[in-house]
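Coordinates as given in protein.cif (mmCIF, C-alpha atoms and all ligand atoms):
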data_protein
#
loop_
_atom_site.label_atom_id
_atom_site.label_comp_id
_atom_site.auth_asym_id
_atom_site.auth_seq_id
_atom_site.Cartn_x
_atom_site.Cartn_y
_atom_site.Cartn_z
CA MET A 136 -15.37 3.96 53.18
CA THR A 137 -12.49 3.63 50.70
CA LEU A 138 -13.10 2.68 47.11
CA PRO A 139 -11.50 -0.79 47.23
CA ARG A 140 -13.63 -1.58 50.26
CA LEU A 141 -16.74 -0.44 48.45
CA CYS A 142 -15.85 -2.37 45.33
CA LEU A 143 -15.00 -5.55 47.09
CA LEU A 144 -17.68 -5.68 49.72
CA ALA A 145 -19.79 -7.86 47.53
CA LEU A 146 -16.93 -10.27 47.06
CA LEU A 147 -16.41 -10.94 50.73
CA LEU A 148 -19.80 -12.16 51.69
CA ALA A 149 -20.60 -15.81 51.90
CA ALA A 150 -24.09 -17.12 51.32
CA PRO A 151 -25.89 -19.78 49.41
CA LEU A 152 -26.95 -18.30 46.09
CA SER A 153 -30.55 -18.15 45.14
CA ALA A 154 -32.19 -16.61 42.13
CA PHE A 155 -34.40 -14.08 43.83
CA ALA A 156 -36.37 -12.70 40.93
CA GLN A 157 -36.32 -12.64 37.16
CA THR A 158 -37.47 -9.40 35.55
CA GLY A 159 -36.78 -8.55 31.94
CA ASP A 160 -33.27 -9.46 30.82
CA PHE A 161 -31.65 -9.87 34.19
CA GLU A 162 -31.78 -12.15 37.18
CA LEU A 163 -31.64 -10.81 40.71
CA VAL A 164 -29.43 -13.11 42.80
CA LYS A 165 -29.30 -12.79 46.58
CA LEU A 166 -25.62 -13.02 47.67
CA ALA A 167 -26.06 -12.25 51.37
CA GLU A 168 -28.49 -10.39 53.60
CA GLY A 169 -29.02 -7.04 51.86
CA VAL A 170 -26.62 -7.80 48.98
CA TYR A 171 -27.93 -8.63 45.52
CA ALA A 172 -26.37 -9.11 42.09
CA ALA A 173 -28.36 -8.22 38.98
CA THR A 174 -26.79 -10.56 36.42
CA ARG A 175 -27.67 -9.81 32.80
CA THR A 176 -29.11 -12.61 30.72
CA GLU A 177 -28.96 -11.09 27.23
CA PRO A 178 -26.86 -13.28 24.90
CA PRO A 179 -23.59 -11.64 23.76
CA GLY A 180 -24.09 -9.88 20.44
CA LEU A 181 -23.14 -6.60 18.81
CA THR A 182 -23.66 -5.02 22.21
CA VAL A 183 -23.29 -6.59 25.62
CA ASN A 184 -24.75 -5.54 28.93
CA GLY A 185 -22.98 -5.55 32.30
CA ASN A 186 -23.93 -6.87 35.73
CA SER A 187 -24.73 -4.67 38.72
CA VAL A 188 -24.59 -5.17 42.50
CA PHE A 189 -26.87 -3.59 45.13
CA ILE A 190 -25.62 -3.27 48.71
CA ILE A 191 -28.42 -2.21 51.03
CA ASN A 192 -26.99 -0.52 54.14
CA ASP A 193 -28.81 0.65 57.29
CA GLU A 194 -29.45 4.09 55.84
CA ASP A 195 -28.81 3.92 52.14
CA VAL A 196 -27.84 1.82 49.11
CA VAL A 197 -24.58 1.40 47.17
CA VAL A 198 -24.93 0.44 43.51
CA VAL A 199 -21.96 -1.04 41.64
CA ASP A 200 -22.18 -0.49 37.84
CA THR A 201 -25.26 0.74 36.02
CA THR A 202 -25.60 -1.35 32.80
CA LEU A 203 -25.48 -0.31 29.14
CA THR A 204 -28.53 1.96 28.90
CA PRO A 205 -30.66 4.23 31.09
CA GLY A 206 -33.62 1.98 30.21
CA THR A 207 -32.07 -1.23 31.58
CA ALA A 208 -30.76 0.73 34.59
CA ARG A 209 -34.31 1.93 35.29
CA GLU A 210 -35.57 -1.68 35.12
CA GLU A 211 -32.96 -2.69 37.68
CA LEU A 212 -33.76 0.33 39.82
CA ALA A 213 -37.43 -0.72 39.81
CA ALA A 214 -36.33 -4.15 41.08
CA LEU A 215 -34.22 -2.46 43.78
CA ARG A 216 -37.27 -0.39 44.76
CA ARG A 217 -39.16 -3.62 45.44
CA LEU A 218 -36.40 -4.59 47.91
CA THR A 219 -36.04 -1.27 49.74
CA ASP A 220 -37.12 2.37 49.71
CA LYS A 221 -33.73 3.56 51.04
CA PRO A 222 -32.01 6.11 48.77
CA VAL A 223 -29.05 5.27 46.55
CA ARG A 224 -26.16 7.24 48.07
CA TYR A 225 -23.17 5.92 46.09
CA VAL A 226 -22.77 4.58 42.56
CA VAL A 227 -19.44 2.83 41.94
CA ASN A 228 -18.27 2.55 38.33
CA THR A 229 -15.77 -0.32 38.21
CA HIS A 230 -14.37 0.87 34.87
CA TRP A 231 -15.18 3.18 31.97
CA HIS A 232 -16.67 0.72 29.43
CA ASP A 233 -20.07 1.91 28.26
CA ASP A 234 -21.84 -1.33 29.20
CA HIS A 235 -21.09 -0.53 32.86
CA VAL A 236 -21.65 3.25 33.07
CA MET A 237 -24.27 4.35 30.52
CA GLY A 238 -27.08 3.78 33.01
CA ASN A 239 -25.55 6.31 35.46
CA VAL A 240 -28.06 8.95 34.37
CA ALA A 241 -30.97 6.85 35.65
CA TYR A 242 -29.49 7.00 39.16
CA ARG A 243 -28.55 10.69 38.80
CA ASP A 244 -32.17 11.49 37.86
CA ALA A 245 -33.67 9.44 40.68
CA PHE A 246 -31.12 10.45 43.36
CA PRO A 247 -29.65 13.91 42.61
CA GLY A 248 -27.54 13.70 45.77
CA ALA A 249 -25.86 10.41 44.87
CA GLU A 250 -22.08 10.38 44.55
CA PHE A 251 -20.42 8.63 41.61
CA ILE A 252 -17.14 6.92 42.40
CA ALA A 253 -14.47 5.61 40.03
CA HIS A 254 -10.75 4.96 40.19
CA VAL A 255 -8.00 5.61 37.71
CA ASN A 256 -6.24 2.33 38.48
CA THR A 257 -8.46 -0.52 37.33
CA ARG A 258 -5.86 -2.79 35.80
CA GLY A 259 -3.36 -5.54 36.76
CA GLU A 260 -2.39 -4.57 40.31
CA THR A 261 -6.03 -4.25 41.25
CA LEU A 262 -6.68 -7.87 40.28
CA GLU A 263 -3.74 -9.06 42.38
CA LYS A 264 -5.11 -7.17 45.41
CA LEU A 265 -8.53 -8.63 44.74
CA LEU A 266 -7.11 -12.17 44.64
CA ALA A 267 -5.34 -11.60 47.97
CA LEU A 268 -8.68 -11.11 49.71
CA LYS A 269 -10.39 -14.08 51.26
CA HIS A 270 -13.43 -13.81 49.04
CA THR A 271 -16.02 -16.51 48.64
CA LEU A 272 -17.97 -15.08 45.71
CA ILE A 273 -17.07 -12.95 42.72
CA VAL A 274 -19.63 -10.98 40.73
CA PRO A 275 -17.99 -10.59 37.31
CA GLY A 276 -18.85 -7.78 34.94
CA HIS A 277 -20.62 -10.33 32.76
CA GLY A 278 -22.08 -13.77 33.33
CA PRO A 279 -23.16 -15.63 36.43
CA VAL A 280 -21.78 -15.21 39.95
CA LEU A 281 -18.48 -17.13 40.35
CA ARG A 282 -17.51 -19.35 43.26
CA ASP A 283 -13.82 -19.74 42.42
CA ASP A 284 -11.15 -17.33 41.24
CA SER A 285 -9.84 -19.14 38.15
CA PHE A 286 -11.39 -16.53 35.83
CA VAL A 287 -9.79 -13.64 37.71
CA ARG A 288 -6.43 -15.45 37.75
CA GLN A 289 -6.68 -15.89 33.99
CA MET A 290 -7.46 -12.16 33.61
CA SER A 291 -4.48 -11.33 35.81
CA ARG A 292 -2.18 -13.56 33.69
CA LEU A 293 -3.46 -11.81 30.55
CA PHE A 294 -2.68 -8.34 31.95
CA VAL A 295 0.78 -9.40 33.15
CA SER A 296 1.64 -11.06 29.82
CA MET A 297 0.36 -8.09 27.82
CA SER A 298 2.23 -5.54 29.96
CA ARG A 299 5.50 -7.50 29.69
CA GLN A 300 5.23 -8.04 25.95
CA VAL A 301 4.24 -4.42 25.28
CA ALA A 302 7.07 -3.11 27.49
CA ALA A 303 9.54 -5.29 25.55
CA ALA A 304 8.13 -4.01 22.23
CA ALA A 305 8.38 -0.39 23.39
CA ALA A 306 11.97 -1.04 24.53
CA ARG A 307 12.75 -2.27 21.00
CA GLY A 308 11.45 1.08 19.73
CA GLU A 309 8.27 -0.30 18.17
CA THR A 310 5.29 1.96 17.50
CA LEU A 311 1.86 1.06 18.87
CA GLU A 312 0.87 -0.42 15.51
CA GLN A 313 4.08 -2.51 15.36
CA ALA A 314 3.47 -3.66 18.93
CA ARG A 315 -0.06 -4.78 18.00
CA ARG A 316 1.53 -7.13 15.45
CA SER A 317 4.43 -8.38 17.58
CA VAL A 318 2.53 -8.98 20.84
CA ASN A 319 1.04 -12.49 20.83
CA LEU A 320 -2.13 -12.98 22.87
CA ASP A 321 -3.43 -16.03 20.95
CA GLU A 322 -3.36 -18.24 24.04
CA PHE A 323 -5.63 -15.79 25.87
CA ARG A 324 -7.93 -15.22 22.87
CA ARG A 325 -8.45 -18.98 22.74
CA ALA A 326 -9.05 -19.21 26.48
CA PHE A 327 -11.49 -16.30 26.71
CA ALA A 328 -13.26 -16.49 23.36
CA GLY A 329 -12.99 -20.12 22.24
CA ASP A 330 -14.52 -20.56 18.79
CA SER A 331 -17.11 -17.79 19.16
CA ARG A 332 -16.72 -15.15 16.44
CA VAL A 333 -18.53 -12.55 18.53
CA ARG A 334 -16.35 -13.19 21.58
CA ARG A 335 -13.19 -13.09 19.43
CA GLN A 336 -14.26 -9.71 18.05
CA ILE A 337 -14.94 -8.44 21.57
CA PHE A 338 -11.48 -9.67 22.63
CA ASP A 339 -9.86 -7.88 19.70
CA VAL A 340 -11.72 -4.60 20.32
CA TYR A 341 -11.24 -4.42 24.08
CA VAL A 342 -7.96 -6.27 24.67
CA VAL A 343 -5.89 -5.94 21.48
CA GLY A 344 -7.50 -2.55 20.83
CA ALA A 345 -8.07 -0.44 23.95
CA GLY A 346 -6.17 -2.64 26.43
CA LEU A 347 -2.98 -2.87 24.40
CA ALA A 348 -3.06 0.89 23.70
CA ALA A 349 -3.34 1.55 27.45
CA ALA A 350 -0.42 -0.83 28.15
CA TYR A 351 1.61 0.93 25.44
CA ALA A 352 0.81 4.35 26.96
CA ASP A 353 2.00 3.02 30.35
CA ALA A 354 5.18 1.54 28.86
CA THR A 355 6.11 4.76 27.02
CA ALA A 356 4.97 7.26 29.69
CA LYS A 357 7.64 9.76 30.65
CA PRO A 358 8.44 9.48 34.38
ZN ZN B 401 -18.38 -5.06 30.06
#

For the file at hand, write its structure as structure tokens.
Amino acid sequence: MTLPRLCLLALLLAAPLSAFAQTGDFELVKLAEGVYAATRTEPPGLTVNGNSVFIINDEDVVVVDTTLTPGTAREELAALRRLTDKPVRYVVNTHWHDDHVMGNVAYRDAFPGAEFIAHVNTRGETLEKLLALKHTLIVPGHGPVLRDDSFVRQMSRLFVSMSRQVAAAAARGETLEQARRSVNLDEFRRAFAGDSRVRRQIFDVYVVGAGLAAAYADATAKP
């Protein structure tokens, strides 16, 4: 099974949503037969925690993302154990942020034979491919399960705008620090973070910080 297929399986399945169980700081939502999202319910703060998806196959289980800590991953694994005793065979890490991968060790300890899968290309083009699929549900990295794609379209517009602006800045010979000042993402900061100070800080750390640096590295990469 290819990585995009693995990643997007959960997006393709249609089903009425029902909160299946609430344990600790997450809610287990049944998306389809054998497919569950563990959506985190901690309020955003200095740290945030990420959602996971469990896909229970005939022989084994695929887990997508493993939360911020081994402890919360073990809580989710205990919930998975109440659904099935099949072994976890694959763990997909959608991207490198710690709130999605730090629980990997819990699955490594419990299933030494599990394979961990990630992909180098997790940015703009991936979102466009995702939008081209006829999905009915989207499990975002954070927050409740989505029924429409407006959030993903907004993310895609952000990546496209940032890439274009950063490429133009690099073409003008600007350094990364100069590009951070000349690139204007205010419209997106407003849309994603609103008036929340915490969300604005998260936007600045992950988008204006790490995201813009990655776009700058792409724009200035030697062919
Ligand atoms: Zn995250």

Check the smallest atom-to-atom distance from each of A:Thr202, A:His277, A:Pro247, A:Arg288 to Lys264 of chain A using all atoms listed in the file, then report the winner. A:Arg288

What's the 6 Å shell around segment 171-186 of chain A, counting only C-alpha atoms, without same-chain residues fewer than 6 positions away, as an MDAnalysis selection string? chainID A and resid 160:165 202:203 234:235 276:277

Interatomic distance (Å, one decimal) between atom CA of Glu211 of chain A and atom CA of Thr271 of chain A: 24.5 Å

Pick the closest to Ala345 of chain A from A:Asp244, A:His232, A:Leu268, A:Met290: which is it, counting all atoms listed in the file?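 Ranking A:Asp244, A:His232, A:Leu268, A:Met290 by distance to Ala345 of chain A, first place goes to A:His232.
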
Top pick for closest residue to ligand ZN 401 (chain B), considering A:Asp353, A:Glu312, A:Asp193, A:Asp233 and counting only C-alpha atoms and all ligand atoms: A:Asp233

Restricting the calculation to only C-alpha atoms and all ligand atoms, which member of A:Asn228, A:Ser298, A:Asn319, A:Thr355 is positioned closest to ligand ZN 401 (chain B)?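 Under the stated criterion, the closest residue is A:Asn228.
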
Within 12 Å of Arg216 of chain A using all atoms listed in the file, minus same-chain residues under 5 positions, as an NGL selection string: :A and (189 or 191 or 196 or 209-211 or 221-223 or 245)

So, counting all atoms listed in the file, which residue among A:Asp339, A:Leu347, A:Gly169, A:His254 is closest to Ala304 of chain A? A:Leu347

Excluding Ile273 of chain A and residues on its chain fewer than 2 positions from it, collect all residues at most 8 Å away from it, counting only C-alpha atoms, and give them as an mmCIF file with C-alpha atoms, in the coordinates of the input.
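Result went into result_9.cif, see below:
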data_model
loop_
_atom_site.group_PDB
_atom_site.id
_atom_site.type_symbol
_atom_site.label_atom_id
_atom_site.label_comp_id
_atom_site.auth_asym_id
_atom_site.auth_seq_id
_atom_site.Cartn_x
_atom_site.Cartn_y
_atom_site.Cartn_z
ATOM 1 C CA ALA A 145 -19.790 -7.860 47.530
ATOM 2 C CA LEU A 146 -16.930 -10.270 47.060
ATOM 3 C CA HIS A 270 -13.430 -13.810 49.040
ATOM 4 C CA THR A 271 -16.020 -16.510 48.640
ATOM 5 C CA PRO A 275 -17.990 -10.590 37.310
ATOM 6 C CA VAL A 280 -21.780 -15.210 39.950
ATOM 7 C CA LEU A 281 -18.480 -17.130 40.350
ATOM 8 C CA ARG A 282 -17.510 -19.350 43.260
ATOM 9 C CA ASP A 283 -13.820 -19.740 42.420
ATOM 10 C CA ASP A 284 -11.150 -17.330 41.240
#

For the atom pair atom CA of Gly278 of chain A and atom CA of Tyr242 of chain A, what is the interatomic distance in Å to one decimal place? 22.8 Å
